[in-house]
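Trainee: So I've got this file, coords-v9.cif, and it contains mmCIF, C-alpha atoms:
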data_my_file
loop_
_atom_site.label_atom_id
_atom_site.label_comp_id
_atom_site.auth_asym_id
_atom_site.auth_seq_id
_atom_site.Cartn_x
_atom_site.Cartn_y
_atom_site.Cartn_z
CA GLU C 1 19.24 7.11 11.12
CA GLU C 2 16.30 4.72 11.21
CA SER C 3 14.87 6.16 7.98
CA ALA C 4 18.24 5.90 6.27
CA ASP C 5 18.59 2.28 7.37
CA ARG C 6 15.15 1.42 6.04
CA LEU C 7 15.87 3.22 2.80
CA HIS C 8 19.08 1.25 2.40
CA LYS C 9 17.25 -2.01 2.96
CA SER C 10 14.48 -1.15 0.51
CA GLY C 11 17.07 -0.63 -2.20
CA THR C 12 18.86 -3.93 -1.63
CA SER C 13 17.67 -6.72 -3.89
CA SER C 14 18.84 -9.52 -1.57
CA TYR C 15 16.70 -8.07 1.21
CA ASP C 16 13.65 -8.17 -1.06
CA TYR C 17 14.22 -11.85 -1.88
CA ILE C 18 14.67 -12.78 1.77
CA ASN C 19 11.57 -10.80 2.68
CA HIS C 20 9.46 -12.72 0.15
CA TYR C 21 10.62 -16.28 0.95
CA PRO C 22 8.23 -16.76 3.92
CA LYS C 23 5.28 -15.64 1.79
CA LEU C 24 6.22 -17.99 -1.04
CA PHE C 25 6.35 -20.83 1.48
CA VAL C 26 2.87 -19.95 2.79
CA MET C 27 1.47 -19.68 -0.74
CA ARG C 28 2.81 -23.10 -1.67
CA LYS C 29 1.26 -24.58 1.47
CA LEU C 30 -2.11 -23.01 0.64
CA LEU C 31 -1.99 -24.34 -2.93
CA LEU C 32 -1.09 -27.82 -1.69
CA ILE C 33 -3.97 -27.76 0.80
CA ALA C 34 -6.38 -26.59 -1.91
CA CYS C 35 -5.24 -29.37 -4.26
CA ALA C 36 -5.59 -31.97 -1.49
CA ILE C 37 -9.13 -30.81 -0.72
CA LEU C 38 -10.14 -30.91 -4.39
CA MET C 39 -8.70 -34.40 -4.87
CA SER C 40 -10.38 -35.73 -1.74
CA ALA C 41 -13.68 -34.19 -2.80
CA VAL C 42 -13.57 -35.87 -6.20
CA THR C 43 -12.67 -39.26 -4.74
CA ALA C 44 -15.41 -38.94 -2.12
CA ASP C 45 -17.99 -38.05 -4.81
CA ALA C 46 -18.79 -34.81 -3.03
CA LYS C 47 -21.17 -32.20 -4.45
CA VAL C 48 -19.10 -29.89 -6.65
CA LYS C 49 -20.53 -26.76 -8.25
CA PHE C 50 -18.86 -24.25 -10.56
CA GLY C 51 -19.90 -20.64 -10.95
CA ILE C 52 -19.04 -16.98 -11.44
CA ARG C 53 -18.49 -14.51 -8.61
CA GLY C 54 -18.49 -10.70 -8.66
CA GLY C 55 -19.04 -7.69 -6.44
CA VAL C 56 -17.75 -4.41 -5.06
CA ASN C 57 -14.94 -3.45 -2.67
CA ILE C 58 -14.92 -0.70 -0.06
CA THR C 59 -11.21 -0.23 0.56
CA GLU C 60 -9.80 1.03 3.87
CA MET C 61 -6.20 2.27 4.12
CA SER C 62 -4.15 2.71 7.30
CA PHE C 63 -0.57 3.85 7.88
CA SER C 64 2.16 2.97 10.35
CA SER C 65 1.92 6.55 11.68
CA ASP C 66 -1.21 7.68 13.52
CA VAL C 67 -0.75 11.14 12.02
CA PHE C 68 -2.00 9.88 8.64
CA GLU C 69 -5.31 8.21 7.89
CA GLY C 70 -6.60 7.15 4.46
CA LYS C 71 -10.13 7.53 3.14
CA ASN C 72 -12.41 4.77 1.84
CA ARG C 73 -12.74 4.19 -1.91
CA ASN C 74 -14.62 1.67 -4.05
CA GLY C 75 -13.59 -1.03 -6.53
CA PHE C 76 -14.84 -4.29 -8.02
CA TYR C 77 -13.94 -7.97 -8.41
CA LEU C 78 -14.96 -10.73 -10.84
CA GLY C 79 -13.93 -14.32 -11.57
CA PRO C 80 -14.70 -18.06 -11.57
CA THR C 81 -15.45 -19.95 -8.37
CA ILE C 82 -15.97 -23.53 -7.19
CA LYS C 83 -17.94 -24.83 -4.20
CA ILE C 84 -17.38 -28.29 -2.72
CA GLY C 85 -19.92 -29.84 -0.38
CA LEU C 86 -18.59 -31.60 2.73
CA PRO C 87 -20.32 -33.59 5.51
CA LEU C 88 -22.05 -32.02 8.53
CA GLY C 89 -23.13 -28.88 6.67
CA PHE C 90 -19.62 -27.70 5.79
CA ASP C 91 -18.45 -26.49 2.38
CA ILE C 92 -15.25 -25.28 0.79
CA ASP C 93 -15.20 -22.50 -1.80
CA ALA C 94 -12.23 -21.33 -3.84
CA SER C 95 -12.03 -18.56 -6.44
CA ALA C 96 -9.61 -16.92 -8.85
CA ILE C 97 -10.78 -13.32 -9.15
CA TYR C 98 -9.61 -10.17 -10.86
CA ASN C 99 -9.70 -7.50 -8.17
CA GLN C 100 -9.35 -3.78 -8.93
CA TRP C 101 -9.71 -1.09 -6.33
CA GLU C 102 -8.74 2.46 -5.48
CA ALA C 103 -7.55 4.01 -2.22
CA ASP C 104 -7.24 7.63 -1.14
CA PRO C 105 -4.14 8.02 1.09
CA ASP C 106 -5.30 11.54 2.06
CA LEU C 107 -1.69 12.77 2.14
CA TYR C 108 -0.40 16.25 1.34
CA TYR C 109 3.14 17.39 0.54
CA THR C 110 4.95 20.62 -0.27
CA VAL C 111 7.38 21.41 -3.10
CA ASP C 112 9.94 24.09 -3.98
CA ASP C 113 10.40 25.21 -0.38
CA THR C 114 6.92 26.75 -0.30
CA SER C 115 4.07 26.35 2.13
CA ASN C 116 1.64 25.33 -0.63
CA SER C 117 0.26 21.84 -0.08
CA ILE C 118 -0.42 19.40 -2.91
CA LYS C 119 -2.67 16.39 -2.38
CA ALA C 120 -1.23 13.01 -3.35
CA SER C 121 -3.21 11.20 -6.07
CA ASN C 122 -5.49 8.28 -5.37
CA LEU C 123 -3.77 4.90 -5.59
CA LYS C 124 -5.10 2.21 -7.92
CA ARG C 125 -4.24 -1.47 -7.70
CA LYS C 126 -4.98 -4.51 -9.87
CA VAL C 127 -4.46 -8.02 -8.49
CA ILE C 128 -5.37 -11.64 -9.09
CA ALA C 129 -6.71 -12.87 -5.76
CA LEU C 130 -7.06 -16.52 -4.69
CA PRO C 131 -9.42 -16.80 -1.68
CA LEU C 132 -10.05 -20.18 -0.03
CA ASN C 133 -12.86 -20.36 2.54
CA LEU C 134 -14.32 -22.94 4.90
CA ARG C 135 -18.10 -22.49 5.28
CA LYS C 136 -20.70 -23.72 7.74
CA GLY C 137 -24.30 -23.62 6.53
CA PHE C 138 -27.61 -23.49 8.42
CA GLY C 139 -30.74 -24.50 6.52
CA LEU C 140 -33.82 -22.27 6.31
CA GLY C 141 -35.92 -24.78 4.39
CA ASP C 142 -35.45 -26.58 1.08
CA LYS C 143 -34.64 -23.48 -0.97
CA ALA C 144 -32.60 -21.23 1.32
CA SER C 145 -29.75 -21.30 3.84
CA ILE C 146 -27.33 -18.96 5.54
CA PHE C 147 -23.65 -19.63 6.18
CA LEU C 148 -20.62 -18.30 8.01
CA PHE C 149 -17.19 -18.50 6.38
CA ALA C 150 -13.53 -17.67 6.92
CA GLY C 151 -10.25 -18.40 5.20
CA PRO C 152 -6.96 -17.12 3.76
CA GLN C 153 -6.43 -15.15 0.57
CA VAL C 154 -3.29 -14.67 -1.56
CA ALA C 155 -3.14 -11.72 -3.98
CA PHE C 156 -0.66 -11.17 -6.83
CA ASN C 157 -0.10 -7.65 -8.11
CA ILE C 158 -0.58 -7.40 -11.91
CA GLY C 159 -0.72 -3.61 -12.22
CA ASP C 160 1.88 -0.89 -11.74
CA LYS C 161 4.20 -1.67 -8.86
CA THR C 162 5.55 1.88 -8.45
CA ILE C 163 3.64 5.17 -8.58
CA LYS C 164 5.70 8.36 -8.56
CA GLU C 165 4.62 11.97 -8.19
CA MET C 166 7.48 14.37 -8.94
CA ASP C 167 10.56 13.75 -6.76
CA GLU C 168 8.89 14.15 -3.40
CA VAL C 169 6.44 11.24 -3.40
CA ASN C 170 6.98 7.60 -4.30
CA TRP C 171 4.52 4.76 -3.71
CA GLU C 172 5.46 1.09 -4.10
CA TRP C 173 3.06 -1.87 -3.96
CA LYS C 174 4.14 -5.29 -2.77
CA THR C 175 4.29 -8.04 -5.38
CA THR C 176 2.22 -10.43 -3.25
CA ASP C 177 0.28 -10.15 -0.01
CA ILE C 178 -1.73 -12.42 2.27
CA SER C 179 -4.97 -11.61 4.05
CA ILE C 180 -7.87 -13.25 5.90
CA ASN C 181 -11.55 -13.14 4.93
CA ILE C 182 -14.34 -13.39 7.51
CA GLY C 183 -17.98 -13.06 6.54
CA VAL C 184 -21.57 -14.22 6.23
CA GLY C 185 -23.78 -15.14 3.28
CA ALA C 186 -27.02 -16.66 2.06
CA MET C 187 -27.76 -19.29 -0.60
CA LEU C 188 -31.05 -19.08 -2.50
CA LEU C 189 -32.58 -21.78 -4.72
CA ASN C 190 -29.27 -23.71 -4.54
CA HIS C 191 -27.79 -21.50 -7.28
CA LEU C 192 -27.76 -17.85 -6.23
CA GLU C 193 -25.42 -16.72 -3.45
CA VAL C 194 -25.16 -13.36 -1.68
CA LYS C 195 -22.36 -12.68 0.78
CA ALA C 196 -20.41 -9.98 2.57
CA ASN C 197 -17.00 -10.24 4.18
CA TYR C 198 -14.26 -8.17 5.75
CA ASN C 199 -10.73 -8.59 4.40
CA ILE C 200 -8.01 -8.34 7.08
CA PRO C 201 -4.45 -7.71 5.81
CA CYS C 202 -1.61 -9.83 7.23
CA GLY C 203 1.25 -7.36 6.98
CA LYS C 204 1.88 -4.28 4.88
CA THR C 205 0.44 -3.85 1.38
CA GLY C 206 2.87 -1.16 0.27
CA GLU C 207 5.19 1.69 1.27
CA PHE C 208 4.83 5.43 0.84
CA ARG C 209 8.08 7.44 0.66
CA PHE C 210 8.16 11.21 0.76
CA SER C 211 10.67 13.95 1.49
CA ASP C 212 10.51 17.11 3.55
CA ALA C 213 11.19 19.95 1.14
CA ALA C 214 12.95 21.93 3.86
CA ASP C 215 15.74 19.45 4.67
CA ASN C 216 15.30 16.85 1.87
CA VAL C 217 15.08 13.98 4.36
CA TYR C 218 13.10 10.98 3.13
CA GLU C 219 10.56 9.30 5.38
CA THR C 220 8.86 5.95 4.83
CA LEU C 221 5.35 4.98 5.89
CA GLU C 222 4.10 1.41 5.77
CA ALA C 223 0.50 1.03 4.62
CA LYS C 224 -2.15 -1.67 4.96
CA THR C 225 -5.27 -1.99 2.81
CA GLY C 226 -8.28 -4.07 3.76
CA GLY C 227 -12.00 -3.47 3.75
CA TRP C 228 -15.44 -4.80 2.94
CA GLN C 229 -16.47 -6.93 -0.02
CA ILE C 230 -20.11 -7.37 -1.02
CA GLY C 231 -20.99 -9.64 -3.90
CA LEU C 232 -23.06 -12.22 -5.75
CA ALA C 233 -22.26 -15.66 -7.11
CA VAL C 234 -24.20 -17.80 -9.57
CA TYR C 235 -23.57 -21.58 -9.54
CA PHE C 236 -24.42 -23.80 -12.49
#
Could you quickly redo this structure as structure tokens?
Mentor:
Amino acid sequence: EESADRLHKSGTSSYDYINHYPKLFVMRKLLLIACAILMSAVTADAKVKFGIRGGVNITEMSFSSDVFEGKNRNGFYLGPTIKIGLPLGFDIDASAIYNQWEADPDLYYTVDDTSNSIKASNLKRKVIALPLNLRKGFGLGDKASIFLFAGPQVAFNIGDKTIKEMDEVNWEWKTTDISINIGVGAMLLNHLEVKANYNIPCGKTGEFRFSDAADNVYETLEAKTGGWQIGLAVYF
């Protein structure tokens, strides 16, 4: 009964709109905050640097059921970035990056009332991500420093929203999702940056629907994807 109710909701367009309104509100707030910071930085004649950021992802996938556990897979990200210097050793950085990664759900299903198991394909996702981080730096001399950072990230799906394998398996990505980045980095020669962070999802990233070939009852699993990001940035 619970699965049927969830299936009914997932097929109702009004439910989808209502479900997305809170996220749209949060995204607008984040954009307004980012614009306010940029405007205040310009008026305060703060140190502003532009650059390019890129790196690799190590994606982790988890499901709402403890019976299933995804495997890690790699991806990459690339895009422009801006860093704004603030007083007391603080900085703000914001980026608009193309992020592509792959996840292995490590799920198996049966077809045609047989006991033969078929492994579900790896899931690929393409998004435009907008991370906004507050940083605190600690100097190691004139040419080097380390910093801690944290902040929110909004991602917009630009790839396939639905992935279907036969009639038994159906994967659907969310249109947008919000996450939190926490990490550490180092700045060298005031232009080269190295950093690593962990991306923590705030809510589900997608849903995985499958049926039991024996009784044709559909089940739905909610999935979250987060993981490590390791990358470089060059500021001009």
Trainee: Excluding Tyr77 of chain C and residues on its chain fewer than 3 positions from it, collect all residues at most 7 Å away from it, counting only C-alpha atoms, and give them as a ChimeraX atom specification.
Mentor: /C:54-56,97-100
Trainee: Would you kindly return, as a ChimeraX atom specification, each protein, DNA or RNA residue with an atom no farther than 8 Å from any atom of segment 148-158 of chain C, considering only C-alpha atoms and excluding same-chain residues fewer than 3 positions away?
Mentor: /C:27,125-137,161,173-185
Trainee: Hey, which of C:Phe236, C:Phe90, C:Phe147, C:Trp171 ends up closest to Asn197 of chain C? Count all atoms listed in the file.
Mentor: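 Looking only at the distances to Asn197 of chain C, the closest residue turns out to be C:Phe147.
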Trainee: Carefully work through the PyMOL selection byres ((chain C and resi 82) around 10) for this structure and note down the residues it includes, as a list of chain:residue names.
Mentor: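 Applied to this file, the PyMOL selection byres ((chain C and resi 82) around 10) selects C:Leu38, C:Val48, C:Lys49, C:Phe50, C:Gly51, C:Ile52, C:Arg53, C:Pro80, C:Thr81, C:Lys83, C:Ile84, C:Ile92, C:Asp93, C:Ala94, C:Ser95, C:Ala96, C:Leu132, C:Tyr235, C:Phe236.
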Trainee: Residues at most 8 Å from Trp228 of chain C, counting all atoms listed in the file, excluding those fewer than 5 positions away in the same chain, as a list in words?
Mentor: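 The neighbour list is Asn57, Ile58, Thr59, Ala196, Asn197, Tyr198 and Asn199 of chain C.
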Trainee: I'd like the residues picked by the PyMOL selection byres ((chain C and resi 60) around 12) written out as a PyMOL selection string, using the chain letters and numbers from the file.
Mentor: chain C and resi 57-59+61-63+69-75+101-106+123+198-201+205+223-229
Trainee: Calculate how many Å separate atom CA of Ala144 of chain C from atom CA of Ile230 of chain C, rounding to one decimal.
Mentor: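 Distance between the two atoms: 18.8 Å.
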Trainee: How many Å separate atom CA of Leu188 of chain C from atom CA of Phe76 of chain C?
Mentor: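 Separation between atom CA of Leu188 of chain C and atom CA of Phe76 of chain C: 22.6 Å.
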Trainee: What gap, in Å, lies between atom CA of Leu140 of chain C and atom CA of Val234 of chain C?
Mentor: 19.1 Å
Trainee: Could you check the closest approach to Ala186 of chain C for each of C:Leu86, C:Ile146, C:Ala233, C:Leu221 and tell me which residue wins, using all atoms listed in the file?
Mentor: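 Among the listed residues, C:Ile146 lies closest to Ala186 of chain C.
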Trainee: So, counting all atoms listed in the file, which residue among C:Gly231, C:Glu172, C:Thr220, C:Asp160 is closest to Leu192 of chain C?
Mentor: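 Ranked by minimum distance to Leu192 of chain C, first place goes to C:Gly231.
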Trainee: So, with all atoms listed in the file as the atoms that count, which of C:Val194, C:Leu232, C:Leu88, C:Ile163 lies closest to Ser145 of chain C?
Mentor: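 Of C:Val194, C:Leu232, C:Leu88, C:Ile163, the one nearest Ser145 of chain C, counting all atoms listed in the file, is C:Val194.
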